[in-house]
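This report concerns only the one structure given below.
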Number of protein chains: 2
Amino acid sequence: MNTNHIHNYRATIAYDGTAYAGWQIQPNGLAVQEVIERSLAHLNGAPVKLHGSGRTDRGVHARAQSANFTLGRRWIPVDLQRALNAVLPSDIRILKLTGTRTDFHARRSAVAKEYRYLIWNDEIMPPHLRLYRAHVRRPLDVAAMQLAAARLIGCHDFAAFSANPNRPVESTVRTLARLLVRRRGHDITIVARGNGFLYKMVRSLAGLLIRVGSGEVAPAKVKDILATRIRTAVVPTAPPQGLFLWQVFYRG
Amino acid sequence: MNTNHIHNYRATIAYDGTAYAGWQIQPNGLAVQEVIERSLAHLNGAPVKLHGSGRTDRGVHARAQSANFTLGRRWIPVDLQRALNAVLPSDIRILKLTGTRTDFHARRSAVAKEYRYLIWNDEIMPPHLRLYRAHVRRPLDVAAMQLAAARLIGCHDFAAFSANPNRPVESTVRTLARLLVRRRGHDITIVARGNGFLYKMVRSLAGLLIRVGSGEVAPAKVKDILATRIRTAVVPTAPPQGLFLWQVFYRG
(Lines give C-alpha, C1' and ligand atoms only; values in the text may rest on other atoms or scores of the structure.)
Protein backbone atom coordinates (compact mmCIF):
# COMPACT_ATOMS: atom_id res chain seq x y z
CA MET A 1 0.00 0.00 0.00
CA ASN A 2 3.08 2.20 0.33
CA THR A 3 6.79 1.78 -0.27
CA ASN A 4 7.63 0.98 3.37
CA HIS A 5 5.26 -1.98 3.28
CA ILE A 6 3.29 -0.49 6.17
CA HIS A 7 -0.35 -1.26 5.67
CA ASN A 8 -2.71 0.83 7.76
CA TYR A 9 -6.18 -0.52 8.60
CA ARG A 10 -9.17 1.26 10.05
CA ALA A 11 -11.74 -0.64 12.12
CA THR A 12 -15.20 0.24 13.41
CA ILE A 13 -15.73 -1.70 16.64
CA ALA A 14 -18.81 -2.38 18.76
CA TYR A 15 -18.48 -3.74 22.27
CA ASP A 16 -20.48 -4.58 25.34
CA GLY A 17 -18.39 -2.94 28.06
CA THR A 18 -20.00 -4.92 30.92
CA ALA A 19 -17.11 -7.35 31.37
CA TYR A 20 -14.25 -4.93 30.66
CA ALA A 21 -12.11 -2.48 32.62
CA GLY A 22 -12.59 0.02 29.78
CA TRP A 23 -11.05 0.51 26.36
CA GLN A 24 -7.46 1.23 27.31
CA ILE A 25 -4.94 -1.31 28.58
CA GLN A 26 -4.34 -0.83 32.31
CA PRO A 27 -3.28 -2.96 35.28
CA ASN A 28 -6.69 -3.50 36.97
CA GLY A 29 -8.59 -5.85 34.72
CA LEU A 30 -8.99 -6.76 31.10
CA ALA A 31 -9.34 -3.96 28.52
CA VAL A 32 -11.11 -4.12 25.16
CA GLN A 33 -7.96 -2.85 23.43
CA GLU A 34 -5.97 -5.69 24.99
CA VAL A 35 -8.36 -8.36 23.75
CA ILE A 36 -8.29 -7.01 20.20
CA GLU A 37 -4.49 -6.56 20.22
CA ARG A 38 -4.10 -10.19 21.32
CA SER A 39 -6.36 -11.36 18.48
CA LEU A 40 -4.44 -9.21 16.00
CA ALA A 41 -1.10 -10.51 17.29
CA HIS A 42 -2.41 -14.07 16.95
CA LEU A 43 -3.30 -13.47 13.29
CA ASN A 44 -0.21 -11.38 12.55
CA GLY A 45 2.32 -13.63 14.29
CA ALA A 46 3.80 -10.54 15.97
CA PRO A 47 2.59 -7.81 18.37
CA VAL A 48 0.26 -5.17 16.94
CA LYS A 49 -0.49 -1.76 18.47
CA LEU A 50 -4.14 -0.68 18.23
CA HIS A 51 -4.87 3.07 18.28
CA GLY A 52 -8.38 3.91 19.47
CA SER A 53 -10.14 7.23 18.89
CA GLY A 54 -10.16 7.62 22.67
CA ARG A 55 -10.75 5.83 25.95
CA THR A 56 -14.01 4.59 27.33
CA ASP A 57 -14.29 3.87 31.06
CA ARG A 58 -14.96 0.61 32.86
CA GLY A 59 -18.45 -0.65 31.95
CA VAL A 60 -19.03 1.89 29.15
CA HIS A 61 -20.21 0.50 25.80
CA ALA A 62 -19.43 1.32 22.19
CA ARG A 63 -21.83 1.21 19.30
CA ALA A 64 -19.03 2.35 16.97
CA GLN A 65 -15.55 2.92 18.39
CA SER A 66 -12.92 3.69 15.75
CA ALA A 67 -9.37 2.39 15.77
CA ASN A 68 -6.44 1.90 13.42
CA PHE A 69 -3.44 -0.43 13.32
CA THR A 70 -0.63 -1.21 10.92
CA LEU A 71 0.50 -4.61 9.73
CA GLY A 72 3.67 -5.61 7.90
CA ARG A 73 1.75 -7.64 5.36
CA ARG A 74 -1.23 -6.85 3.22
CA TRP A 75 -4.54 -8.50 4.04
CA ILE A 76 -7.79 -8.46 2.11
CA PRO A 77 -9.76 -6.34 4.62
CA VAL A 78 -12.89 -8.53 4.62
CA ASP A 79 -10.77 -11.64 5.24
CA LEU A 80 -9.00 -9.94 8.13
CA GLN A 81 -12.35 -8.77 9.55
CA ARG A 82 -13.79 -12.32 9.41
CA ALA A 83 -10.65 -13.82 10.91
CA LEU A 84 -10.74 -11.29 13.76
CA ASN A 85 -14.43 -11.82 14.49
CA ALA A 86 -13.81 -15.57 14.52
CA VAL A 87 -11.25 -15.27 17.34
CA LEU A 88 -12.74 -12.34 19.31
CA PRO A 89 -15.26 -12.98 22.10
CA SER A 90 -18.89 -12.28 21.10
CA ASP A 91 -19.05 -9.10 23.22
CA ILE A 92 -16.57 -7.43 20.84
CA ARG A 93 -17.30 -7.23 17.09
CA ILE A 94 -15.45 -5.65 14.20
CA LEU A 95 -18.35 -4.05 12.31
CA LYS A 96 -16.24 -2.70 9.47
CA LEU A 97 -12.61 -2.95 8.39
CA THR A 98 -10.94 -1.14 5.50
CA GLY A 99 -7.45 -0.35 4.30
CA THR A 100 -6.71 3.36 4.80
CA ARG A 101 -4.04 5.94 4.01
CA THR A 102 -0.82 5.63 5.99
CA ASP A 103 -1.31 8.91 7.84
CA PHE A 104 -4.79 8.05 9.17
CA HIS A 105 -4.79 7.94 12.97
CA ALA A 106 -8.05 7.10 14.79
CA ARG A 107 -7.45 9.66 17.56
CA ARG A 108 -5.53 12.45 15.83
CA SER A 109 -7.62 12.37 12.64
CA ALA A 110 -10.99 12.45 14.46
CA VAL A 111 -12.86 15.75 14.09
CA ALA A 112 -15.86 15.02 16.33
CA LYS A 113 -17.44 12.34 18.51
CA GLU A 114 -20.96 11.49 19.48
CA TYR A 115 -21.87 9.81 22.76
CA ARG A 116 -25.35 8.76 23.80
CA TYR A 117 -26.49 8.32 27.37
CA LEU A 118 -29.52 6.03 27.70
CA ILE A 119 -31.87 6.16 30.67
CA TRP A 120 -34.75 3.83 31.51
CA ASN A 121 -37.21 6.08 33.33
CA ASP A 122 -39.72 3.83 35.05
CA GLU A 123 -40.27 2.11 38.39
CA ILE A 124 -39.06 -1.26 37.08
CA MET A 125 -36.03 -1.92 34.88
CA PRO A 126 -36.70 -4.70 32.32
CA PRO A 127 -34.10 -7.46 32.85
CA HIS A 128 -33.03 -7.42 29.17
CA LEU A 129 -32.10 -3.74 29.27
CA ARG A 130 -30.41 -3.64 32.67
CA LEU A 131 -26.87 -3.80 31.27
CA TYR A 132 -27.51 -1.08 28.69
CA ARG A 133 -29.44 1.66 30.50
CA ALA A 134 -29.11 3.82 33.59
CA HIS A 135 -32.17 3.32 35.80
CA VAL A 136 -34.02 6.41 37.07
CA ARG A 137 -37.25 5.61 38.91
CA ARG A 138 -38.64 9.10 39.55
CA PRO A 139 -40.35 10.62 36.48
CA LEU A 140 -37.96 13.02 34.75
CA ASP A 141 -39.06 16.37 33.34
CA VAL A 142 -37.58 16.18 29.85
CA ALA A 143 -38.61 19.77 28.99
CA ALA A 144 -36.52 21.04 31.93
CA MET A 145 -33.60 18.83 30.84
CA GLN A 146 -33.86 20.27 27.32
CA LEU A 147 -33.77 23.83 28.68
CA ALA A 148 -30.67 23.02 30.71
CA ALA A 149 -29.01 21.19 27.80
CA ALA A 150 -29.51 24.18 25.49
CA ARG A 151 -27.49 26.31 27.96
CA LEU A 152 -24.51 23.93 27.74
CA ILE A 153 -24.23 23.91 23.95
CA GLY A 154 -21.32 25.85 22.48
CA CYS A 155 -17.71 26.58 23.42
CA HIS A 156 -17.19 26.63 27.19
CA ASP A 157 -14.67 25.78 29.87
CA PHE A 158 -16.15 22.46 31.05
CA ALA A 159 -13.85 22.04 34.09
CA ALA A 160 -16.96 21.72 36.32
CA PHE A 161 -17.86 18.58 34.30
CA SER A 162 -14.51 16.80 34.50
CA ALA A 163 -14.01 14.22 37.24
CA ASN A 164 -10.70 13.29 38.94
CA PRO A 165 -8.65 13.95 35.84
CA ASN A 166 -5.41 12.40 37.19
CA ARG A 167 -3.97 13.60 33.93
CA PRO A 168 -2.86 17.17 33.40
CA VAL A 169 -4.93 18.65 30.59
CA GLU A 170 -3.73 21.69 28.73
CA SER A 171 -7.19 23.16 28.45
CA THR A 172 -10.64 22.28 29.73
CA VAL A 173 -12.32 24.29 26.97
CA ARG A 174 -14.41 22.18 24.63
CA THR A 175 -17.13 22.81 22.08
CA LEU A 176 -20.41 20.95 22.46
CA ALA A 177 -21.97 21.10 19.01
CA ARG A 178 -25.05 19.19 20.09
CA LEU A 179 -26.67 18.30 23.39
CA LEU A 180 -30.15 16.90 22.92
CA VAL A 181 -32.56 15.18 25.28
CA ARG A 182 -35.45 13.14 23.97
CA ARG A 183 -38.00 10.73 25.34
CA ARG A 184 -39.64 7.79 23.66
CA GLY A 185 -41.83 5.88 26.09
CA HIS A 186 -39.72 5.04 29.14
CA ASP A 187 -36.48 5.59 27.20
CA ILE A 188 -34.73 8.93 27.59
CA THR A 189 -31.71 9.55 25.37
CA ILE A 190 -29.10 12.27 25.82
CA VAL A 191 -27.12 12.90 22.63
CA ALA A 192 -23.80 14.70 23.10
CA ARG A 193 -21.68 15.61 20.10
CA GLY A 194 -18.52 17.68 20.17
CA ASN A 195 -14.92 18.10 19.08
CA GLY A 196 -13.59 16.53 22.25
CA PHE A 197 -14.63 15.49 25.73
CA LEU A 198 -12.93 15.72 29.11
CA TYR A 199 -12.56 12.72 31.42
CA LYS A 200 -16.09 11.61 32.51
CA MET A 201 -17.57 14.71 30.90
CA VAL A 202 -20.56 12.98 29.27
CA ARG A 203 -21.47 11.08 32.45
CA SER A 204 -21.15 14.37 34.38
CA LEU A 205 -23.41 16.19 31.93
CA ALA A 206 -25.87 13.28 32.18
CA GLY A 207 -25.60 13.33 35.98
CA LEU A 208 -26.50 17.02 36.13
CA LEU A 209 -29.28 16.74 33.53
CA ILE A 210 -30.84 13.90 35.57
CA ARG A 211 -30.78 16.17 38.64
CA VAL A 212 -32.44 18.92 36.57
CA GLY A 213 -35.08 16.44 35.33
CA SER A 214 -35.71 15.40 38.95
CA GLY A 215 -36.36 19.04 39.94
CA GLU A 216 -33.27 19.18 42.20
CA VAL A 217 -31.48 21.78 40.08
CA ALA A 218 -33.21 24.56 38.11
CA PRO A 219 -32.37 24.68 34.38
CA ALA A 220 -31.17 28.29 34.76
CA LYS A 221 -28.72 27.21 37.49
CA VAL A 222 -26.68 25.28 34.92
CA LYS A 223 -24.93 28.42 33.62
CA ASP A 224 -23.71 29.23 37.16
CA ILE A 225 -22.39 25.69 37.63
CA LEU A 226 -20.52 25.94 34.31
CA ALA A 227 -19.10 29.35 35.35
CA THR A 228 -17.59 28.01 38.61
CA ARG A 229 -15.11 25.95 36.54
CA ILE A 230 -14.67 23.73 39.64
CA ARG A 231 -16.04 20.26 39.99
CA THR A 232 -18.31 20.01 43.05
CA ALA A 233 -20.81 17.52 44.48
CA VAL A 234 -23.63 19.33 42.67
CA VAL A 235 -22.57 17.45 39.52
CA PRO A 236 -22.80 13.66 40.03
CA THR A 237 -21.27 11.13 37.64
CA ALA A 238 -24.05 9.05 36.08
CA PRO A 239 -23.42 5.26 36.04
CA PRO A 240 -21.33 3.76 33.19
CA GLN A 241 -23.82 1.23 31.78
CA GLY A 242 -25.96 4.03 30.28
CA LEU A 243 -23.11 5.39 28.17
CA PHE A 244 -22.38 4.45 24.56
CA LEU A 245 -19.62 5.82 22.33
CA TRP A 246 -22.00 6.20 19.40
CA GLN A 247 -19.94 7.48 16.48
CA VAL A 248 -16.57 9.02 15.64
CA PHE A 249 -16.41 11.51 12.79
CA TYR A 250 -13.53 12.02 10.33
CA ARG A 251 -13.02 14.49 7.55
CA GLY A 252 -13.85 13.44 4.00
CA MET B 1 -59.29 -12.66 51.43
CA ASN B 2 -61.24 -15.82 52.29
CA THR B 3 -62.22 -17.62 55.45
CA ASN B 4 -59.24 -20.01 55.44
CA HIS B 5 -56.83 -17.09 55.53
CA ILE B 6 -55.20 -18.28 52.33
CA HIS B 7 -54.28 -15.31 50.23
CA ASN B 8 -53.54 -16.09 46.60
CA TYR B 9 -51.30 -13.76 44.60
CA ARG B 10 -50.69 -13.61 40.89
CA ALA B 11 -47.37 -12.32 39.51
CA THR B 12 -46.20 -11.34 36.04
CA ILE B 13 -42.47 -12.02 35.87
CA ALA B 14 -39.78 -11.01 33.37
CA TYR B 15 -36.40 -12.70 33.39
CA ASP B 16 -33.16 -12.87 31.52
CA GLY B 17 -32.64 -16.63 31.28
CA THR B 18 -28.92 -16.39 30.44
CA ALA B 19 -27.68 -17.32 33.92
CA TYR B 20 -30.38 -19.89 34.79
CA ALA B 21 -30.96 -23.59 34.30
CA GLY B 22 -34.54 -22.78 33.28
CA TRP B 23 -37.72 -21.93 35.13
CA GLN B 24 -38.28 -25.12 37.09
CA ILE B 25 -36.29 -26.27 40.10
CA GLN B 26 -33.95 -29.13 39.15
CA PRO B 27 -30.66 -30.58 40.36
CA ASN B 28 -28.31 -29.18 37.66
CA GLY B 29 -28.06 -25.48 38.31
CA LEU B 30 -30.06 -22.60 39.65
CA ALA B 31 -33.67 -22.17 38.47
CA VAL B 32 -35.66 -18.93 38.24
CA GLN B 33 -38.46 -20.49 40.31
CA GLU B 34 -35.94 -21.35 43.05
CA VAL B 35 -34.62 -17.79 43.26
CA ILE B 36 -38.13 -16.32 43.54
CA GLU B 37 -39.24 -18.97 46.07
CA ARG B 38 -36.21 -18.13 48.23
CA SER B 39 -37.05 -14.42 48.10
CA LEU B 40 -40.69 -15.16 48.96
CA ALA B 41 -39.65 -17.43 51.85
CA HIS B 42 -37.35 -14.69 53.11
CA LEU B 43 -40.24 -12.19 53.18
CA ASN B 44 -42.81 -14.72 54.42
CA GLY B 45 -40.65 -16.29 57.13
CA ALA B 46 -41.71 -19.75 55.87
CA PRO B 47 -41.39 -21.73 52.62
CA VAL B 48 -43.61 -20.65 49.71
CA LYS B 49 -44.47 -22.75 46.65
CA LEU B 50 -44.54 -20.81 43.37
CA HIS B 51 -46.71 -22.21 40.55
CA GLY B 52 -45.57 -21.09 37.10
CA SER B 53 -47.72 -21.22 33.95
CA GLY B 54 -45.19 -23.71 32.60
CA ARG B 55 -41.49 -24.43 32.29
CA THR B 56 -38.95 -22.61 30.19
CA ASP B 57 -35.67 -24.34 29.32
CA ARG B 58 -32.12 -23.42 30.26
CA GLY B 59 -31.21 -20.05 28.70
CA VAL B 60 -34.75 -19.23 27.56
CA HIS B 61 -36.09 -15.78 28.52
CA ALA B 62 -39.46 -14.50 29.67
CA ARG B 63 -40.99 -11.17 28.81
CA ALA B 64 -44.06 -12.09 30.88
CA GLN B 65 -44.15 -15.42 32.68
CA SER B 66 -47.19 -15.87 34.96
CA ALA B 67 -47.13 -17.49 38.37
CA ASN B 68 -49.21 -17.70 41.53
CA PHE B 69 -48.48 -18.42 45.19
CA THR B 70 -50.39 -18.36 48.44
CA LEU B 71 -49.35 -16.71 51.69
CA GLY B 72 -50.78 -17.13 55.18
CA ARG B 73 -50.93 -13.40 55.75
CA ARG B 74 -52.35 -10.58 53.69
CA TRP B 75 -49.95 -8.19 51.97
CA ILE B 76 -50.70 -4.99 50.10
CA PRO B 77 -49.75 -6.28 46.62
CA VAL B 78 -47.67 -3.26 45.63
CA ASP B 79 -45.69 -3.46 48.89
CA LEU B 80 -45.04 -7.17 48.33
CA GLN B 81 -43.98 -6.45 44.73
CA ARG B 82 -41.50 -3.75 45.83
CA ALA B 83 -40.14 -5.92 48.64
CA LEU B 84 -39.63 -8.80 46.20
CA ASN B 85 -37.91 -6.67 43.57
CA ALA B 86 -35.66 -5.27 46.29
CA VAL B 87 -34.33 -8.75 47.17
CA LEU B 88 -34.42 -10.40 43.72
CA PRO B 89 -31.37 -10.18 41.43
CA SER B 90 -31.75 -7.62 38.62
CA ASP B 91 -32.16 -10.31 35.95
CA ILE B 92 -35.54 -11.27 37.48
CA ARG B 93 -38.27 -8.63 37.92
CA ILE B 94 -41.83 -8.82 39.18
CA LEU B 95 -43.60 -6.61 36.62
CA LYS B 96 -47.03 -6.89 38.20
CA LEU B 97 -48.48 -8.40 41.35
CA THR B 98 -52.13 -8.60 42.35
CA GLY B 99 -54.30 -10.45 44.81
CA THR B 100 -56.44 -13.00 42.98
CA ARG B 101 -59.27 -15.44 43.61
CA THR B 102 -58.32 -18.54 45.62
CA ASP B 103 -58.93 -20.93 42.73
CA PHE B 104 -56.63 -19.12 40.29
CA HIS B 105 -53.74 -21.37 39.23
CA ALA B 106 -51.15 -19.99 36.79
CA ARG B 107 -50.85 -23.28 34.87
CA ARG B 108 -54.32 -24.80 35.13
CA SER B 109 -56.16 -21.51 34.57
CA ALA B 110 -54.13 -20.54 31.48
CA VAL B 111 -56.07 -20.71 28.21
CA ALA B 112 -53.28 -19.82 25.78
CA LYS B 113 -49.62 -18.84 25.57
CA GLU B 114 -47.57 -16.80 23.19
CA TYR B 115 -43.88 -17.38 22.55
CA ARG B 116 -41.68 -15.31 20.31
CA TYR B 117 -38.51 -16.52 18.68
CA LEU B 118 -36.13 -13.69 17.71
CA ILE B 119 -33.49 -14.08 15.02
CA TRP B 120 -30.74 -11.63 14.04
CA ASN B 121 -30.26 -12.25 10.32
CA ASP B 122 -27.01 -10.61 9.31
CA GLU B 123 -23.32 -11.45 8.98
CA ILE B 124 -22.42 -9.80 12.30
CA MET B 125 -24.31 -10.07 15.60
CA PRO B 126 -24.29 -6.76 17.51
CA PRO B 127 -22.73 -7.39 20.97
CA HIS B 128 -25.71 -5.88 22.81
CA LEU B 129 -28.18 -8.30 21.24
CA ARG B 130 -26.08 -11.48 21.44
CA LEU B 131 -27.82 -12.81 24.56
CA TYR B 132 -31.33 -12.14 23.21
CA ARG B 133 -31.28 -13.33 19.60
CA ALA B 134 -30.45 -16.45 17.61
CA HIS B 135 -27.83 -15.61 15.00
CA VAL B 136 -28.42 -16.70 11.40
CA ARG B 137 -25.83 -15.37 8.93
CA ARG B 138 -27.28 -16.56 5.61
CA PRO B 139 -30.12 -14.36 4.33
CA LEU B 140 -33.44 -16.00 5.17
CA ASP B 141 -36.37 -16.07 2.74
CA VAL B 142 -39.16 -14.78 4.99
CA ALA B 143 -41.85 -15.35 2.32
CA ALA B 144 -40.93 -19.07 2.22
CA MET B 145 -40.98 -19.19 6.04
CA GLN B 146 -44.45 -17.61 6.02
CA LEU B 147 -45.74 -20.20 3.53
CA ALA B 148 -44.39 -23.00 5.73
CA ALA B 149 -45.76 -21.40 8.92
CA ALA B 150 -49.26 -21.14 7.43
CA ARG B 151 -49.22 -24.93 6.91
CA LEU B 152 -48.56 -25.55 10.61
CA ILE B 153 -51.40 -23.42 11.97
CA GLY B 154 -54.36 -25.32 13.40
CA CYS B 155 -54.95 -28.52 15.33
CA HIS B 156 -52.30 -31.17 14.59
CA ASP B 157 -50.32 -33.96 16.16
CA PHE B 158 -47.03 -32.14 16.72
CA ALA B 159 -45.02 -35.22 17.78
CA ALA B 160 -42.47 -34.44 15.01
CA PHE B 161 -41.78 -31.15 16.83
CA SER B 162 -41.27 -32.53 20.32
CA ALA B 163 -37.70 -33.28 21.47
CA ASN B 164 -36.61 -35.96 23.95
CA PRO B 165 -39.75 -35.75 26.01
CA ASN B 166 -38.49 -37.85 28.95
CA ARG B 167 -41.98 -37.36 30.28
CA PRO B 168 -44.90 -39.46 29.08
CA VAL B 169 -47.42 -37.14 27.48
CA GLU B 170 -51.00 -38.22 27.08
CA SER B 171 -51.38 -36.58 23.71
CA THR B 172 -49.10 -34.74 21.32
CA VAL B 173 -52.06 -32.99 19.66
CA ARG B 174 -51.98 -29.23 20.09
CA THR B 175 -53.68 -26.27 18.42
CA LEU B 176 -51.48 -23.52 17.01
CA ALA B 177 -53.80 -20.51 16.78
CA ARG B 178 -51.10 -18.30 15.33
CA LEU B 179 -47.72 -18.83 13.70
CA LEU B 180 -46.41 -15.67 12.09
CA VAL B 181 -43.05 -14.74 10.65
CA ARG B 182 -42.08 -11.12 10.12
CA ARG B 183 -38.96 -9.16 9.27
CA ARG B 184 -37.97 -5.67 10.32
CA GLY B 185 -34.47 -4.83 9.15
CA HIS B 186 -32.15 -7.62 10.32
CA ASP B 187 -34.65 -8.77 12.97
CA ILE B 188 -36.88 -11.72 12.14
CA THR B 189 -39.58 -12.61 14.66
CA ILE B 190 -41.55 -15.85 14.81
CA VAL B 191 -44.77 -15.48 16.83
CA ALA B 192 -46.30 -18.75 18.08
CA ARG B 193 -49.56 -18.72 19.98
CA GLY B 194 -51.54 -21.76 21.06
CA ASN B 195 -53.41 -23.58 23.80
CA GLY B 196 -50.34 -25.59 24.79
CA PHE B 197 -46.88 -26.51 23.61
CA LEU B 198 -44.90 -29.74 23.73
CA TYR B 199 -41.38 -29.93 25.14
CA LYS B 200 -39.07 -27.80 22.89
CA MET B 201 -41.93 -27.39 20.38
CA VAL B 202 -41.36 -23.67 19.69
CA ARG B 203 -37.61 -24.11 19.23
CA SER B 204 -38.32 -27.06 16.92
CA LEU B 205 -40.80 -25.03 14.86
CA ALA B 206 -38.21 -22.20 14.72
CA GLY B 207 -35.50 -24.71 13.77
CA LEU B 208 -37.53 -26.02 10.83
CA LEU B 209 -38.64 -22.54 9.73
CA ILE B 210 -34.98 -21.42 9.68
CA ARG B 211 -34.17 -24.41 7.44
CA VAL B 212 -37.07 -23.43 5.17
CA GLY B 213 -35.83 -19.82 5.07
CA SER B 214 -32.35 -21.10 4.17
CA GLY B 215 -33.77 -23.03 1.21
CA GLU B 216 -32.88 -26.42 2.72
CA VAL B 217 -36.50 -27.54 3.12
CA ALA B 218 -39.33 -26.61 0.73
CA PRO B 219 -42.36 -24.94 2.39
CA ALA B 220 -44.65 -27.68 0.98
CA LYS B 221 -42.49 -30.35 2.66
CA VAL B 222 -43.60 -29.16 6.08
CA LYS B 223 -46.93 -31.00 5.88
CA ASP B 224 -45.12 -34.30 5.24
CA ILE B 225 -42.83 -33.72 8.21
CA LEU B 226 -45.84 -33.03 10.42
CA ALA B 227 -47.56 -36.19 9.10
CA THR B 228 -44.62 -38.46 10.08
CA ARG B 229 -45.39 -37.81 13.76
CA ILE B 230 -41.81 -38.89 14.50
CA ARG B 231 -39.04 -36.55 15.48
CA THR B 232 -36.11 -36.84 13.05
CA ALA B 233 -32.91 -34.91 12.29
CA VAL B 234 -34.78 -32.92 9.64
CA VAL B 235 -36.15 -30.76 12.49
CA PRO B 236 -33.32 -29.09 14.44
CA THR B 237 -33.83 -27.40 17.82
CA ALA B 238 -33.05 -23.69 17.47
CA PRO B 239 -30.82 -22.23 20.25
CA PRO B 240 -32.44 -21.11 23.54
CA GLN B 241 -31.33 -17.45 23.65
CA GLY B 242 -33.74 -16.55 20.80
CA LEU B 243 -36.81 -17.74 22.71
CA PHE B 244 -39.05 -15.56 24.90
CA LEU B 245 -42.18 -16.62 26.77
CA TRP B 246 -44.04 -13.54 25.64
CA GLN B 247 -47.48 -13.69 27.25
CA VAL B 248 -49.83 -16.07 29.07
CA PHE B 249 -53.55 -15.65 28.51
CA TYR B 250 -56.32 -16.20 31.07
CA ARG B 251 -60.08 -16.06 30.75
CA GLY B 252 -61.81 -12.84 31.76
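Ordering of the C-alpha coordinates sets the chain letters (A, B, ...); residue numbers start at 1 within each chain; ligands are numbered from 1 in the order shown.
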Please build the interface table for chain A against chain B with a cut-off of 8 Å, listing for each qualifying residue the nearest atom pair and the distance in Å to one decimal; count only C-alpha atoms, order rows by chain and increasing number, and write it as JSON lines.
```
{"residue": "A:Ala14", "atom": "CA", "partner": "B:Pro127", "partner_atom": "CA", "distance": 6.7}
{"residue": "A:Tyr15", "atom": "CA", "partner": "B:Pro127", "partner_atom": "CA", "distance": 5.8}
{"residue": "A:Asp16", "atom": "CA", "partner": "B:Pro127", "partner_atom": "CA", "distance": 5.7}
{"residue": "A:Ser90", "atom": "CA", "partner": "B:Pro127", "partner_atom": "CA", "distance": 6.2}
{"residue": "A:Asp91", "atom": "CA", "partner": "B:Pro127", "partner_atom": "CA", "distance": 4.6}
{"residue": "A:Ile92", "atom": "CA", "partner": "B:Pro127", "partner_atom": "CA", "distance": 6.2}
{"residue": "A:Arg93", "atom": "CA", "partner": "B:Pro127", "partner_atom": "CA", "distance": 6.7}
{"residue": "A:Leu95", "atom": "CA", "partner": "B:Ile124", "partner_atom": "CA", "distance": 7.0}
{"residue": "A:Ile124", "atom": "CA", "partner": "B:Leu95", "partner_atom": "CA", "distance": 7.0}
{"residue": "A:Met125", "atom": "CA", "partner": "B:Arg93", "partner_atom": "CA", "distance": 7.7}
{"residue": "A:Pro126", "atom": "CA", "partner": "B:Arg93", "partner_atom": "CA", "distance": 7.0}
{"residue": "A:Pro127", "atom": "CA", "partner": "B:Asp91", "partner_atom": "CA", "distance": 4.6}
{"residue": "A:His128", "atom": "CA", "partner": "B:Asp16", "partner_atom": "CA", "distance": 5.9}
{"residue": "A:Arg130", "atom": "CA", "partner": "B:Ser90", "partner_atom": "CA", "distance": 7.3}
{"residue": "A:Tyr132", "atom": "CA", "partner": "B:His128", "partner_atom": "CA", "distance": 7.8}
```
Neighbour list for Asp103 (chain A) as a CSV table (one decimal) with N, CA and C atoms, in the first residue's frame, cut-off 9 Å, only C-alpha atoms, skip fewer than 3 positions in-chain:
```
chain,number,residue,atom,x,y,z
A,8,ASN,N,-1.9,0.3,6.7
A,8,ASN,CA,-2.7,0.8,7.8
A,8,ASN,C,-4.2,0.4,7.6
A,100,THR,N,-6.6,1.9,4.8
A,100,THR,CA,-6.7,3.4,4.8
A,100,THR,C,-5.3,4.0,4.5
A,109,SER,N,-6.9,12.0,13.8
A,109,SER,CA,-7.6,12.4,12.6
A,109,SER,C,-9.1,12.6,12.9
```
Please list as a list in words every residue within 10 Å of Val217 (chain A), counting only C-alpha atoms and excluding residues in the same chain fewer than 6 positions away.
Ala144, Met145, Ala148, Leu208, Leu209, Ile210, Arg211, Val234 and Val235 of chain A
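Distance annotation: of A:Arg174, A:His42, A:His5, A:Arg138, the residue with the minimal separation from Val212 (chain A) is A:Arg138; atom set is only C-alpha atoms.
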Compare A:Val181, A:Val87, A:Leu80, A:Ala112 by their minimum atom-to-atom distance to Ala150 (chain A), counting only C-alpha atoms, and give me the closest one.
A:Val181
